[in-house]
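Inspection log for the structure reproduced underneath, given as structure tokens.
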Amino acid sequence: QAQAEIPHMGFSDEYEVDGMIRLRDAVKKAAEAKGLRLTYMPVIIKAFSLALNDFPEVNSALSADRASVVYKGAHNIGVAVDTPAGLVVPNIKAVQQLSILEIGQELARLSELAKSQRLPPQDLAGGTLTISNIGAIGGTYLSPILMPGETTICALGSVRREPRFGPGGVVTPVTVMRVSYAADHRVLAGATLARFSNTVKAYLADPTTMLLHLR
């Protein structure tokens, strides 16, 4: 229904994520001491939330009567979860107020409930932006479809080690994650989506810069 009614605009890019991997590896044991097996997703989700601070229109939606744009203060970021009963998209509420550790704990809670088919309605309602980590299964570039009531969705491709030309033309190995966005073109301009993506890209290339914006 969303694909038929909403003019989808696509945007794709490559993110170099060696910095993200180094950060996760550096804090992995500390997270385990808190009972959390830390994956890359909490870091990615926090990077998206910080980027939303600079681009609030990405966290907006067209009103029901299509007469205005509604800006949403909370960053309720949905994460697509593959379950035996099909795909479900619970969302982590108010990500802008959570640490990476807290995001990881909430993500683990939602994933467990989703896979056991015990998600309560409140965990499925109120999403403002969705991330699909389809790359954990496979694939590079994808064509995600917007969730109802949202303006932006991002599908993460697989993380791969690939050769890239560095300074002086020297070939070096780089870890690359391809991303594919879809957005409601009635709300977002292509340039805005590209700038938002570039901000997320910069955070994941050097996640230490996120410390400047954490409260």
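FYI, nothing fancy with the structure tokens labels: chains A, B, ... in order, residues from 1 per chain, ligands from 1 as they appear.
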
Write out as JSON, numbers by chain the set of residues from range 61-133 of chain A that DSSP, computed on the backbone, places in strand (DSSP E).
{"A": [61, 62, 69, 70, 71, 77, 78, 79, 81, 82, 83, 86, 87, 88, 91, 92, 129, 130, 131, 132]}

Those same residues, written as a PDB file, in the first residue's frame with C-alpha atoms?
ATOM      1  CA  ALA A  61       5.731  12.618   8.195  1.00  0.00           C
ATOM      2  CA  LEU A  62       2.912  13.975   6.078  1.00  0.00           C
ATOM      3  CA  VAL A  69       4.266  18.038   7.598  1.00  0.00           C
ATOM      4  CA  VAL A  70       4.340  16.794  11.188  1.00  0.00           C
ATOM      5  CA  TYR A  71       7.755  16.975  12.886  1.00  0.00           C
ATOM      6  CA  ILE A  77      13.759   4.035  15.464  1.00  0.00           C
ATOM      7  CA  GLY A  78      12.310   0.807  14.139  1.00  0.00           C
ATOM      8  CA  VAL A  79      14.426  -2.265  13.460  1.00  0.00           C
ATOM      9  CA  VAL A  81      13.314  -8.416  12.747  1.00  0.00           C
ATOM     10  CA  ASP A  82      12.970 -11.665  10.820  1.00  0.00           C
ATOM     11  CA  THR A  83      10.819 -14.139  12.776  1.00  0.00           C
ATOM     12  CA  GLY A  86       7.385 -13.182   9.159  1.00  0.00           C
ATOM     13  CA  LEU A  87       8.917  -9.725   9.327  1.00  0.00           C
ATOM     14  CA  VAL A  88       8.025  -7.441  12.242  1.00  0.00           C
ATOM     15  CA  ASN A  91      10.875   0.343  17.516  1.00  0.00           C
ATOM     16  CA  ILE A  92      13.217   1.618  20.176  1.00  0.00           C
ATOM     17  CA  LEU A 129      12.255   5.929  11.033  1.00  0.00           C
ATOM     18  CA  THR A 130      13.150   2.336  10.182  1.00  0.00           C
ATOM     19  CA  ILE A 131      16.452   0.505   9.693  1.00  0.00           C
ATOM     20  CA  SER A 132      16.513  -2.936   8.055  1.00  0.00           C
TER      21      SER A 132
END

Using backbone DSSP assignments, extract all alpha helix (DSSP H) residues from range 7-185 of chain A; output them as a ChimeraX atom specification.
/A:18-33,41-54,100-115,121-124

What's the 12 Å shell around range 104-116 of chain A, counting only C-alpha atoms, without same-chain residues fewer than 4 positions away, as an MDAnalysis selection string?
chainID A and resid 24 28 31:32 34:46 76:95 98:100 120:124

Residues as selected, C-alpha atoms, written as a tab-separated table (two decimals), in the first residue's frame, can you do that?
chain	number	residue	atom	x	y	z
A	24	ARG	CA	32.73	-2.02	18.99
A	28	LYS	CA	32.88	-5.26	23.64
A	31	ALA	CA	29.40	-4.40	27.39
A	32	GLU	CA	29.69	-8.11	28.20
A	34	LYS	CA	26.97	-5.48	31.76
A	35	GLY	CA	25.37	-8.62	30.33
A	36	LEU	CA	25.16	-7.39	26.74
A	37	ARG	CA	26.59	-8.98	23.60
A	38	LEU	CA	27.23	-5.77	21.69
A	39	THR	CA	26.67	-5.82	17.93
A	40	TYR	CA	27.18	-3.03	15.41
A	41	MET	CA	23.49	-2.13	15.33
A	42	PRO	CA	23.35	-0.02	18.53
A	43	VAL	CA	26.22	2.11	17.22
A	44	ILE	CA	24.45	2.50	13.86
A	45	ILE	CA	21.14	3.37	15.51
A	46	LYS	CA	22.80	6.03	17.68
A	76	ASN	CA	11.52	6.09	17.73
A	77	ILE	CA	13.76	4.03	15.46
A	78	GLY	CA	12.31	0.81	14.14
A	79	VAL	CA	14.43	-2.26	13.46
A	80	ALA	CA	13.15	-4.95	11.13
A	81	VAL	CA	13.31	-8.42	12.75
A	82	ASP	CA	12.97	-11.67	10.82
A	83	THR	CA	10.82	-14.14	12.78
A	84	PRO	CA	9.29	-17.56	12.07
A	85	ALA	CA	5.96	-15.76	11.57
A	86	GLY	CA	7.38	-13.18	9.16
A	87	LEU	CA	8.92	-9.72	9.33
A	88	VAL	CA	8.03	-7.44	12.24
A	89	VAL	CA	9.30	-3.94	12.98
A	90	PRO	CA	9.36	-3.01	16.66
A	91	ASN	CA	10.87	0.34	17.52
A	92	ILE	CA	13.22	1.62	20.18
A	93	LYS	CA	11.57	4.60	21.82
A	94	ALA	CA	13.35	7.95	22.36
A	95	VAL	CA	16.75	6.84	21.06
A	98	LEU	CA	19.63	6.53	25.27
A	99	SER	CA	23.27	5.49	25.43
A	100	ILE	CA	24.69	2.90	23.04
A	120	PRO	CA	3.10	-6.02	22.80
A	121	PRO	CA	1.32	-3.46	20.56
A	122	GLN	CA	3.15	-0.52	22.15
A	123	ASP	CA	6.49	-1.82	20.88
A	124	LEU	CA	5.16	-1.88	17.32

Considering only C-alpha atoms, can you say which of A:Met20, A:Leu142, A:Leu50, A:Leu211 comes closest to Val179 in chain A?
A:Leu142

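One distance worth recording is that between CA of Phe196 in chain A and CA of Ala183 in chain A, which is 11.7 Å.
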
Which of A:Leu212, A:Ala182, A:Val200, A:Val17 sits closest to Ser49 in chain A [using only C-alpha atoms]
A:Val200

Excluding Val176 in chain A and its own-chain neighbours fewer than 6 positions away, which residues fall within 7 Å of it when counting only C-alpha atoms? Please give them as a tab-separated table (two decimals) with C-alpha atoms, in the first residue's frame.
chain	number	residue	atom	x	y	z
A	14	GLU	CA	28.92	3.09	0.53
A	15	TYR	CA	29.98	3.66	4.13
A	16	GLU	CA	33.51	2.86	5.29
A	17	VAL	CA	33.01	1.36	8.73
A	159	VAL	CA	29.66	-5.66	5.55
A	160	ARG	CA	32.57	-6.62	3.30
A	161	ARG	CA	36.31	-6.20	3.17
A	162	GLU	CA	37.29	-4.64	-0.16

Residues near range 56-59 of chain A, cut-off 8 Å, only C-alpha atoms, skip fewer than 4 positions along chain, as a PDB file with all heavy atoms, in the first residue's frame:
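Written output follows (part.pdb):
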ATOM      1  N   LEU A  52      19.668  12.819  12.994  1.00  0.00           N
ATOM      2  CA  LEU A  52      18.315  13.380  12.992  1.00  0.00           C
ATOM      3  C   LEU A  52      18.266  14.729  13.699  1.00  0.00           C
ATOM      4  O   LEU A  52      17.404  15.567  13.389  1.00  0.00           O
ATOM      5  CB  LEU A  52      17.329  12.414  13.654  1.00  0.00           C
ATOM      6  CG  LEU A  52      16.966  11.155  12.876  1.00  0.00           C
ATOM      7  CD1 LEU A  52      16.061  10.252  13.712  1.00  0.00           C
ATOM      8  CD2 LEU A  52      16.295  11.491  11.549  1.00  0.00           C
ATOM      9  N   TYR A  71       6.414  17.270  12.379  1.00  0.00           N
ATOM     10  CA  TYR A  71       7.755  16.975  12.886  1.00  0.00           C
ATOM     11  C   TYR A  71       7.627  16.243  14.219  1.00  0.00           C
ATOM     12  O   TYR A  71       6.883  16.678  15.093  1.00  0.00           O
ATOM     13  CB  TYR A  71       8.554  18.265  13.062  1.00  0.00           C
ATOM     14  CG  TYR A  71       8.998  18.872  11.755  1.00  0.00           C
ATOM     15  CD1 TYR A  71       8.117  19.607  10.964  1.00  0.00           C
ATOM     16  CD2 TYR A  71      10.306  18.698  11.303  1.00  0.00           C
ATOM     17  CE1 TYR A  71       8.518  20.150   9.754  1.00  0.00           C
ATOM     18  CE2 TYR A  71      10.722  19.246  10.100  1.00  0.00           C
ATOM     19  CZ  TYR A  71       9.826  19.967   9.330  1.00  0.00           C
ATOM     20  OH  TYR A  71      10.224  20.494   8.135  1.00  0.00           O
ATOM     21  N   LYS A  72       8.361  15.160  14.365  1.00  0.00           N
ATOM     22  CA  LYS A  72       8.260  14.312  15.544  1.00  0.00           C
ATOM     23  C   LYS A  72       9.488  14.494  16.427  1.00  0.00           C
ATOM     24  O   LYS A  72      10.619  14.323  15.968  1.00  0.00           O
ATOM     25  CB  LYS A  72       8.099  12.856  15.120  1.00  0.00           C
ATOM     26  CG  LYS A  72       6.870  12.653  14.219  1.00  0.00           C
ATOM     27  CD  LYS A  72       6.783  11.256  13.666  1.00  0.00           C
ATOM     28  CE  LYS A  72       5.589  11.106  12.740  1.00  0.00           C
ATOM     29  NZ  LYS A  72       5.484   9.742  12.177  1.00  0.00           N
ATOM     30  N   GLY A  73       9.267  14.814  17.688  1.00  0.00           N
ATOM     31  CA  GLY A  73      10.381  15.088  18.581  1.00  0.00           C
ATOM     32  C   GLY A  73      11.150  13.849  18.988  1.00  0.00           C
ATOM     33  O   GLY A  73      12.376  13.867  19.106  1.00  0.00           O
ATOM     34  N   HIS A  75      12.875  10.205  18.663  1.00  0.00           N
ATOM     35  CA  HIS A  75      13.498   9.363  17.645  1.00  0.00           C
ATOM     36  C   HIS A  75      13.140   7.914  17.963  1.00  0.00           C
ATOM     37  O   HIS A  75      13.895   7.200  18.625  1.00  0.00           O
ATOM     38  CB  HIS A  75      15.011   9.545  17.640  1.00  0.00           C
ATOM     39  CG  HIS A  75      15.466  10.940  17.387  1.00  0.00           C
ATOM     40  ND1 HIS A  75      16.778  11.350  17.549  1.00  0.00           N
ATOM     41  CD2 HIS A  75      14.787  12.041  16.974  1.00  0.00           C
ATOM     42  CE1 HIS A  75      16.882  12.632  17.253  1.00  0.00           C
ATOM     43  NE2 HIS A  75      15.682  13.071  16.909  1.00  0.00           N
ATOM     44  N   THR A 128       9.237   6.231  13.923  1.00  0.00           N
ATOM     45  CA  THR A 128       9.438   7.461  13.145  1.00  0.00           C
ATOM     46  C   THR A 128      10.449   7.287  12.014  1.00  0.00           C
ATOM     47  O   THR A 128      10.503   8.106  11.096  1.00  0.00           O
ATOM     48  CB  THR A 128       9.910   8.616  14.053  1.00  0.00           C
ATOM     49  OG1 THR A 128      11.156   8.283  14.666  1.00  0.00           O
ATOM     50  CG2 THR A 128       8.863   8.903  15.127  1.00  0.00           C
ATOM     51  N   LEU A 129      11.269   6.241  12.076  1.00  0.00           N
ATOM     52  CA  LEU A 129      12.255   5.929  11.033  1.00  0.00           C
ATOM     53  C   LEU A 129      12.629   4.470  11.211  1.00  0.00           C
ATOM     54  O   LEU A 129      12.687   3.979  12.343  1.00  0.00           O
ATOM     55  CB  LEU A 129      13.495   6.823  11.168  1.00  0.00           C
ATOM     56  CG  LEU A 129      14.651   6.620  10.170  1.00  0.00           C
ATOM     57  CD1 LEU A 129      15.372   7.952   9.923  1.00  0.00           C
ATOM     58  CD2 LEU A 129      15.666   5.591  10.690  1.00  0.00           C
ATOM     59  N   GLU A 150       5.807   6.995   8.159  1.00  0.00           N
ATOM     60  CA  GLU A 150       7.208   7.392   8.238  1.00  0.00           C
ATOM     61  C   GLU A 150       7.653   7.992   6.911  1.00  0.00           C
ATOM     62  O   GLU A 150       7.030   7.781   5.871  1.00  0.00           O
ATOM     63  CB  GLU A 150       8.093   6.196   8.602  1.00  0.00           C
ATOM     64  CG  GLU A 150       7.775   5.608   9.971  1.00  0.00           C
ATOM     65  CD  GLU A 150       8.684   4.446  10.342  1.00  0.00           C
ATOM     66  OE1 GLU A 150       9.727   4.259   9.669  1.00  0.00           O
ATOM     67  OE2 GLU A 150       8.357   3.721  11.299  1.00  0.00           O
ATOM     68  N   THR A 151       8.746   8.734   6.961  1.00  0.00           N
ATOM     69  CA  THR A 151       9.270   9.405   5.774  1.00  0.00           C
ATOM     70  C   THR A 151      10.528   8.747   5.238  1.00  0.00           C
ATOM     71  O   THR A 151      10.860   8.893   4.066  1.00  0.00           O
ATOM     72  CB  THR A 151       9.550  10.894   6.106  1.00  0.00           C
ATOM     73  OG1 THR A 151       8.292  11.540   6.321  1.00  0.00           O
ATOM     74  CG2 THR A 151      10.286  11.609   4.999  1.00  0.00           C
ATOM     75  N   THR A 152      11.243   7.983   6.087  1.00  0.00           N
ATOM     76  CA  THR A 152      12.530   7.434   5.678  1.00  0.00           C
ATOM     77  C   THR A 152      12.728   6.022   6.194  1.00  0.00           C
ATOM     78  O   THR A 152      12.354   5.709   7.331  1.00  0.00           O
ATOM     79  CB  THR A 152      13.686   8.321   6.206  1.00  0.00           C
ATOM     80  OG1 THR A 152      13.447   9.681   5.840  1.00  0.00           O
ATOM     81  CG2 THR A 152      15.028   7.875   5.633  1.00  0.00           C
ATOM     82  N   VAL A 187       7.873  14.854   1.034  1.00  0.00           N
ATOM     83  CA  VAL A 187       8.357  15.497   2.255  1.00  0.00           C
ATOM     84  C   VAL A 187       9.829  15.852   2.152  1.00  0.00           C
ATOM     85  O   VAL A 187      10.249  16.942   2.564  1.00  0.00           O
ATOM     86  CB  VAL A 187       8.116  14.579   3.477  1.00  0.00           C
ATOM     87  CG1 VAL A 187       8.657  15.213   4.749  1.00  0.00           C
ATOM     88  CG2 VAL A 187       6.633  14.256   3.623  1.00  0.00           C
ATOM     89  N   LEU A 188      10.622  14.956   1.620  1.00  0.00           N
ATOM     90  CA  LEU A 188      12.070  15.138   1.593  1.00  0.00           C
ATOM     91  C   LEU A 188      12.585  15.418   0.189  1.00  0.00           C
ATOM     92  O   LEU A 188      12.179  14.769  -0.769  1.00  0.00           O
ATOM     93  CB  LEU A 188      12.779  13.888   2.120  1.00  0.00           C
ATOM     94  CG  LEU A 188      12.862  13.670   3.628  1.00  0.00           C
ATOM     95  CD1 LEU A 188      13.763  12.473   3.912  1.00  0.00           C
ATOM     96  CD2 LEU A 188      13.365  14.899   4.341  1.00  0.00           C
ATOM     97  N   LEU A 193      18.191  14.262   1.886  1.00  0.00           N
ATOM     98  CA  LEU A 193      18.465  12.864   2.188  1.00  0.00           C
ATOM     99  C   LEU A 193      19.949  12.557   2.020  1.00  0.00           C
ATOM    100  O   LEU A 193      20.549  11.849   2.833  1.00  0.00           O
ATOM    101  CB  LEU A 193      17.630  11.952   1.297  1.00  0.00           C
ATOM    102  CG  LEU A 193      17.755  10.447   1.554  1.00  0.00           C
ATOM    103  CD1 LEU A 193      17.373  10.109   2.989  1.00  0.00           C
ATOM    104  CD2 LEU A 193      16.895   9.663   0.564  1.00  0.00           C
ATOM    105  N   PHE A 196      21.839  14.055   4.967  1.00  0.00           N
ATOM    106  CA  PHE A 196      21.587  13.225   6.149  1.00  0.00           C
ATOM    107  C   PHE A 196      22.460  11.971   6.096  1.00  0.00           C
ATOM    108  O   PHE A 196      23.130  11.616   7.078  1.00  0.00           O
ATOM    109  CB  PHE A 196      20.110  12.847   6.226  1.00  0.00           C
ATOM    110  CG  PHE A 196      19.790  11.845   7.306  1.00  0.00           C
ATOM    111  CD1 PHE A 196      19.644  12.254   8.624  1.00  0.00           C
ATOM    112  CD2 PHE A 196      19.637  10.498   7.003  1.00  0.00           C
ATOM    113  CE1 PHE A 196      19.355  11.335   9.627  1.00  0.00           C
ATOM    114  CE2 PHE A 196      19.357   9.569   8.001  1.00  0.00           C
ATOM    115  CZ  PHE A 196      19.209   9.992   9.315  1.00  0.00           C
TER     116      PHE A 196
END
